[in-house]
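Heads up, work02.txt below (compact mmCIF, C-alpha atoms):
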```
# COMPACT_ATOMS: atom_id res chain seq x y z
CA MET A 1 -37.17 -8.54 15.47
CA ALA A 2 -34.57 -11.04 14.31
CA LYS A 3 -34.65 -9.57 10.81
CA PHE A 4 -34.16 -6.07 12.23
CA LYS A 5 -31.12 -7.21 14.24
CA GLU A 6 -29.65 -8.89 11.17
CA THR A 7 -30.12 -5.73 9.08
CA ALA A 8 -28.66 -3.56 11.85
CA MET A 9 -25.57 -5.75 12.15
CA ARG A 10 -25.08 -5.68 8.38
CA ILE A 11 -25.10 -1.88 8.54
CA VAL A 12 -22.63 -1.89 11.45
CA PHE A 13 -20.26 -4.23 9.62
CA LEU A 14 -20.58 -2.17 6.43
CA LEU A 15 -19.78 1.04 8.30
CA ALA A 16 -16.77 -0.59 9.96
CA ALA A 17 -15.47 -1.75 6.59
CA CYS A 18 -16.04 1.71 5.07
CA VAL A 19 -14.20 3.40 7.95
CA SER A 20 -11.23 1.07 7.48
CA ILE A 21 -11.12 1.74 3.75
CA ALA A 22 -11.49 5.48 4.32
CA CYS A 23 -8.56 5.49 6.76
CA VAL A 24 -6.31 3.76 4.23
CA VAL A 25 -7.41 6.14 1.48
CA LEU A 26 -6.80 9.20 3.66
CA ILE A 27 -3.31 7.97 4.57
CA CYS A 28 -2.51 7.40 0.91
CA VAL A 29 -3.86 10.81 -0.11
CA TYR A 30 -1.94 12.60 2.63
CA LEU A 31 1.36 10.85 1.93
CA LEU A 32 1.18 11.10 -1.84
CA GLY A 33 -0.20 14.65 -1.78
CA ASN A 34 2.67 15.89 0.36
CA GLY A 35 5.46 13.55 -0.70
CA ILE A 36 5.34 13.55 -4.50
CA PRO A 37 5.56 17.37 -4.89
CA THR A 38 8.49 17.36 -2.46
CA ILE A 39 10.33 14.72 -4.48
CA GLY A 40 9.81 16.87 -7.56
CA GLU A 41 11.07 19.94 -5.71
CA ILE A 42 14.19 18.19 -4.43
CA GLY A 43 14.82 16.37 -7.72
CA LEU A 44 15.05 12.64 -8.30
CA ASP A 45 18.86 12.67 -8.54
CA ASN A 46 19.19 14.48 -5.24
CA PHE A 47 16.42 12.58 -3.44
CA PHE A 48 17.74 9.15 -4.42
CA GLY A 49 21.36 10.18 -4.02
CA LYS A 50 23.88 8.90 -1.46
CA THR A 51 24.33 12.02 0.68
CA TRP A 52 21.97 13.11 3.44
CA LYS A 53 22.94 16.55 4.73
CA PRO A 54 19.84 18.69 5.33
CA SER A 55 22.04 21.67 6.32
CA LYS A 56 23.32 21.72 2.72
CA ASP A 57 19.96 20.83 1.12
CA LEU A 58 21.17 17.34 0.28
CA TYR A 59 18.42 14.78 0.88
CA GLY A 60 19.73 11.55 -0.58
CA ILE A 61 17.87 8.60 0.97
CA PHE A 62 19.57 5.81 -1.00
CA PRO A 63 21.69 4.68 2.02
CA PHE A 64 18.49 4.39 4.07
CA ILE A 65 16.77 2.35 1.36
CA ILE A 66 19.73 -0.04 1.20
CA GLY A 67 19.84 -0.17 4.99
CA SER A 68 16.15 -1.11 5.16
CA ILE A 69 16.64 -3.82 2.52
CA TYR A 70 19.69 -5.28 4.27
CA VAL A 71 18.09 -5.33 7.71
CA THR A 72 14.87 -6.88 6.37
CA ALA A 73 16.80 -9.52 4.42
CA GLY A 74 18.87 -10.35 7.50
CA ALA A 75 15.72 -10.68 9.61
CA ILE A 76 14.24 -13.05 7.01
CA VAL A 77 17.38 -15.19 7.00
CA VAL A 78 17.33 -15.44 10.80
CA GLY A 79 13.60 -15.48 11.57
CA VAL A 80 11.88 -17.40 8.78
CA PRO A 81 13.69 -20.77 9.11
CA ILE A 82 13.54 -20.71 12.91
CA GLY A 83 9.91 -19.60 12.95
CA LEU A 84 8.81 -22.18 10.39
CA LEU A 85 10.64 -25.03 12.14
CA CYS A 86 9.20 -23.96 15.48
CA ALA A 87 5.67 -23.88 14.00
CA ILE A 88 6.15 -27.40 12.57
CA TYR A 89 7.48 -28.65 15.90
CA MET A 90 4.55 -27.18 17.82
CA ALA A 91 2.02 -28.60 15.37
CA TYR A 92 3.34 -32.16 14.92
CA PHE A 93 6.21 -32.93 17.29
CA CYS A 94 5.68 -31.04 20.55
CA PRO A 95 4.48 -33.02 23.62
CA LYS A 96 1.21 -31.74 25.08
CA GLY A 97 2.81 -30.77 28.38
CA LEU A 98 5.49 -28.70 26.70
CA TYR A 99 2.97 -27.21 24.27
CA ARG A 100 0.97 -25.77 27.17
CA VAL A 101 4.08 -23.79 28.10
CA LEU A 102 5.48 -23.04 24.66
CA SER A 103 2.28 -21.71 23.08
CA PRO A 104 1.64 -18.99 25.73
CA ALA A 105 5.33 -18.09 25.61
CA VAL A 106 5.11 -17.42 21.86
CA ARG A 107 1.98 -15.30 22.36
CA LEU A 108 3.76 -13.41 25.13
CA MET A 109 6.63 -12.62 22.77
CA ALA A 110 4.15 -10.98 20.40
CA GLY A 111 3.01 -8.64 23.17
CA ILE A 112 6.45 -7.45 24.29
CA PRO A 113 6.96 -3.76 23.35
CA SER A 114 9.60 -2.93 20.77
CA ILE A 115 11.54 -0.82 23.24
CA ILE A 116 12.01 -3.88 25.48
CA TYR A 117 13.42 -5.82 22.54
CA GLY A 118 15.70 -2.85 21.94
CA PHE A 119 16.96 -2.95 25.54
CA PHE A 120 17.55 -6.69 25.21
CA GLY A 121 19.56 -6.13 22.04
CA LEU A 122 21.52 -3.29 23.59
CA MET A 123 22.35 -5.10 26.84
CA VAL A 124 22.77 -8.68 25.57
CA ILE A 125 23.37 -8.93 21.82
CA VAL A 126 25.55 -5.83 21.40
CA PRO A 127 28.08 -6.85 24.11
CA VAL A 128 28.34 -10.35 22.62
CA ILE A 129 29.03 -8.93 19.15
CA GLN A 130 31.57 -6.54 20.71
CA LYS A 131 33.51 -9.40 22.29
CA LEU A 132 33.39 -11.57 19.18
CA THR A 133 34.33 -8.92 16.61
CA GLY A 134 36.10 -6.15 18.51
CA THR A 135 33.76 -3.52 17.04
CA SER A 136 31.12 -1.30 18.63
CA GLY A 137 28.62 -4.14 18.30
CA LYS A 138 26.03 -1.88 16.70
CA GLY A 139 25.36 -2.56 13.05
CA LEU A 140 23.66 -4.67 10.43
CA LEU A 141 24.40 -8.03 12.07
CA THR A 142 23.00 -6.99 15.45
CA ALA A 143 19.88 -5.44 13.93
CA SER A 144 19.26 -8.53 11.77
CA LEU A 145 19.56 -10.87 14.75
CA LEU A 146 17.20 -8.82 16.89
CA LEU A 147 14.61 -8.32 14.14
CA GLY A 148 14.81 -12.04 13.37
CA ILE A 149 13.82 -12.68 16.99
CA MET A 150 11.07 -10.05 16.87
CA ILE A 151 9.31 -11.55 13.85
CA LEU A 152 9.27 -15.08 15.31
CA PRO A 153 5.88 -14.79 17.08
CA THR A 154 4.29 -13.34 13.94
CA ILE A 155 5.52 -16.19 11.76
CA ILE A 156 4.84 -18.91 14.31
CA GLY A 157 1.40 -17.55 15.20
CA THR A 158 0.33 -17.64 11.55
CA ALA A 159 2.14 -20.74 10.30
CA GLU A 160 1.18 -23.10 13.11
CA PRO A 161 -2.63 -22.78 12.67
CA ALA A 162 -2.15 -23.10 8.91
CA ILE A 163 -0.22 -26.36 9.38
CA ARG A 164 -2.82 -27.68 11.83
CA ALA A 165 -5.60 -26.81 9.38
CA VAL A 166 -4.26 -29.25 6.76
CA PRO A 167 -6.61 -32.29 6.66
CA ARG A 168 -5.31 -35.21 8.67
CA SER A 169 -5.83 -37.43 5.62
CA TYR A 170 -2.75 -35.85 3.97
CA TYR A 171 -0.55 -37.03 6.82
CA GLU A 172 -2.19 -40.43 7.16
CA GLY A 173 -2.07 -41.04 3.40
CA SER A 174 1.66 -40.34 3.39
CA LEU A 175 2.16 -42.75 6.28
CA ALA A 176 0.14 -45.39 4.44
CA LEU A 177 2.53 -45.10 1.50
CA GLY A 178 5.44 -45.95 3.76
CA ALA A 179 6.80 -42.50 4.63
CA THR A 180 8.11 -41.76 8.10
CA HIS A 181 6.55 -39.30 10.51
CA GLU A 182 9.13 -36.63 9.67
CA ARG A 183 8.89 -37.14 5.93
CA SER A 184 5.09 -37.11 6.01
CA THR A 185 5.13 -33.84 7.94
CA PHE A 186 7.67 -32.04 5.74
CA SER A 187 6.68 -33.51 2.36
CA ALA A 188 2.89 -33.75 2.63
CA VAL A 189 1.59 -31.43 5.35
CA VAL A 190 3.85 -28.39 5.10
CA PRO A 191 3.52 -27.94 1.30
CA ALA A 192 -0.26 -28.08 1.69
CA ALA A 193 -0.06 -25.23 4.22
CA LYS A 194 2.10 -23.09 1.91
CA SER A 195 -0.45 -20.30 1.61
CA GLY A 196 -0.75 -19.81 5.36
CA VAL A 197 3.00 -20.08 5.86
CA MET A 198 3.58 -17.46 3.18
CA SER A 199 1.08 -15.17 4.88
CA GLY A 200 3.11 -15.46 8.07
CA VAL A 201 6.29 -14.59 6.20
CA ILE A 202 4.60 -11.53 4.65
CA LEU A 203 3.45 -10.30 8.06
CA GLY A 204 6.91 -10.93 9.47
CA VAL A 205 8.55 -8.94 6.68
CA GLY A 206 6.10 -6.10 7.28
CA ARG A 207 7.02 -6.12 10.98
CA ALA A 208 10.73 -6.12 10.20
CA ILE A 209 10.71 -3.34 7.63
CA GLY A 210 8.46 -1.14 9.75
CA GLU A 211 10.31 -1.58 13.04
CA THR A 212 11.84 1.62 14.38
CA MET A 213 12.66 1.90 18.08
CA ALA A 214 14.60 -1.34 18.45
CA VAL A 215 16.59 -0.62 15.28
CA ILE A 216 17.45 2.89 16.44
CA MET A 217 18.99 1.49 19.63
CA ILE A 218 21.28 -1.12 18.04
CA ALA A 219 21.89 -0.29 14.35
CA GLY A 220 24.46 2.48 14.78
CA ASN A 221 22.41 5.16 12.98
CA GLN A 222 25.07 6.16 10.47
CA THR A 223 23.92 8.00 7.38
CA ARG A 224 26.49 6.49 5.04
CA MET A 225 26.14 3.45 2.81
CA PRO A 226 26.42 0.19 4.79
CA GLY A 227 29.55 -1.66 3.74
CA GLY A 228 29.38 -4.91 5.69
CA LEU A 229 27.69 -6.95 8.41
CA LEU A 230 29.47 -5.08 11.20
CA ASP A 231 28.95 -1.55 9.83
CA GLY A 232 26.42 0.83 11.29
CA LEU A 233 23.44 1.87 9.21
CA ARG A 234 20.20 3.78 9.31
CA THR A 235 16.85 2.64 7.94
CA MET A 236 14.12 4.79 6.46
CA THR A 237 11.93 4.50 9.54
CA SER A 238 14.82 5.33 11.86
CA ASN A 239 15.71 8.42 9.87
CA ILE A 240 12.15 9.71 10.04
CA VAL A 241 11.90 9.22 13.81
CA LEU A 242 15.35 10.64 14.60
CA GLU A 243 14.93 13.86 12.63
CA MET A 244 11.20 14.60 12.54
CA GLY A 245 11.25 16.23 15.99
CA TYR A 246 13.47 19.15 14.96
CA SER A 247 12.97 19.30 11.19
CA THR A 248 11.27 22.24 9.48
CA GLY A 249 10.44 23.35 5.96
CA LEU A 250 11.94 21.29 3.16
CA HIS A 251 13.69 19.03 5.64
CA ARG A 252 10.34 17.97 7.17
CA ARG A 253 8.76 17.54 3.76
CA ALA A 254 11.72 15.35 2.71
CA LEU A 255 11.05 13.09 5.69
CA ILE A 256 7.39 12.81 4.64
CA ALA A 257 8.56 11.95 1.13
CA THR A 258 10.73 9.23 2.69
CA GLY A 259 7.52 7.87 4.19
CA VAL A 260 6.05 7.73 0.68
CA VAL A 261 9.02 5.68 -0.53
CA LEU A 262 8.64 3.35 2.46
CA PHE A 263 4.92 2.98 1.77
CA VAL A 264 5.54 2.13 -1.89
CA PHE A 265 8.35 -0.21 -0.85
CA ILE A 266 5.99 -2.20 1.40
CA LEU A 267 3.37 -2.33 -1.35
CA ILE A 268 5.93 -3.75 -3.78
CA ILE A 269 7.02 -6.43 -1.30
CA ASN A 270 3.43 -7.48 -0.57
CA THR A 271 2.63 -7.56 -4.29
CA CYS A 272 5.64 -9.77 -5.00
CA PHE A 273 4.67 -12.20 -2.26
CA SER A 274 1.08 -12.28 -3.52
CA LEU A 275 2.26 -13.08 -7.03
CA MET A 276 4.46 -15.86 -5.65
CA LYS A 277 1.48 -17.33 -3.79
CA ARG A 278 -0.68 -17.24 -6.92
CA ARG A 279 2.02 -18.88 -9.01
CA ASP A 280 2.53 -21.66 -6.48
CA SER A 281 -1.18 -22.29 -5.95
```
Here is the file; what I need is its structure written in the form of structure tokens.
Amino acid sequence: MAKFKETAMRIVFLLAACVSIACVVLICVYLLGNGIPTIGEIGLDNFFGKTWKPSKDLYGIFPFIIGSIYVTAGAIVVGVPIGLLCAIYMAYFCPKGLYRVLSPAVRLMAGIPSIIYGFFGLMVIVPVIQKLTGTSGKGLLTASLLLGIMILPTIIGTAEPAIRAVPRSYYEGSLALGATHERSTFSAVVPAAKSGVMSGVILGVGRAIGETMAVIMIAGNQTRMPGGLLDGLRTMTSNIVLEMGYSTGLHRRALIATGVVLFVFILIINTCFSLMKRRDS
């Protein structure tokens, strides 16, 4: 009976893995099968141009690519240092009483819907930027700040367990050599947890580049090239969501092709991070 249960569970796990792989393959086939012919129909020069005017058959997504890169980079600048420092604090510096409050709070942040973050950005961050800069408050800076906040629970939730998983002997050995508590933590423990920390950064970047609703509400949604921190912009995901509802024909197929570019873009980012992890290991 025990052997039968073991065999049955192996089959269940195998089927679950096969279903997951099949879903990924189907998504890839659908996107590539519909997107690549559309890119060829539009033309590379037109598709990667700087003008997006579907009414004139101009489908240049280059401003959206740059907008996605800028917003993601801004989120990394804001979220990664804060998230990493918070994970280190929770793992090695936080009092137990405070940890019992801080840890659930971080998990709660991960469960807040994107639209709520968008409302927070629209009602809190945008007015502050308006007062400080005298602009509309909607643009690259606002989107970067909000996305930096949104990726915090992802980074903290992955980096903290990785830091705690480092053998205690690393920390104690550093103390035995005369290092302080802070130096032992930052020079011995954190480098040993580099792989887990990098995984958290990768997941955070994926969250930032794929975010849509919050960015739509605070980024300004302008189809031109972003020129500065205070200028409005539109990302690839935002463009798909904003125009998919009423698009038809070539316009709709161009939005699907934009999804292909986004998909490839995420693959490139993940590959680069994986190569960095292998080089550092």
Exercise for the section: Could you jot down the CA of Ile216 in chain A to CA of Ile115 in chain A separation for me, Å, one decimal place? Expected result: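 Taking CA of Ile216 in chain A as the start and CA of Ile115 in chain A as the end point, the length is 9.7 Å.
CA of Lys50 in chain A lies 28.2 Å from CA of Gly121 in chain A.
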Practice task
Please work out which residues fall within 12 Å of (11.8, -3.7, 15.0), coordinates as given in the file, with only C-alpha atoms counting, and return them as an MDAnalysis selection string.
Solution key: chainID A and resid 68 71:72 75 110 112:119 121 142:152 204:219 235 237:238
Practice task
Rank nothing, just name the residue among A:Ile36, A:Ile129, A:Leu242, A:Ala257 nearest to Leu230 in chain A, using all atoms listed in the file.
Solution key: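 Looking only at the distances to Leu230 in chain A, the closest residue turns out to be A:Ile129.
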Exercise for the section: Would you work out the distance separating CA of Phe263 in chain A from CA of Cys28 in chain A, expressed in Å to one decimal? Expected result: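 Between CA of Phe263 in chain A and CA of Cys28 in chain A the gap works out to 8.7 Å.
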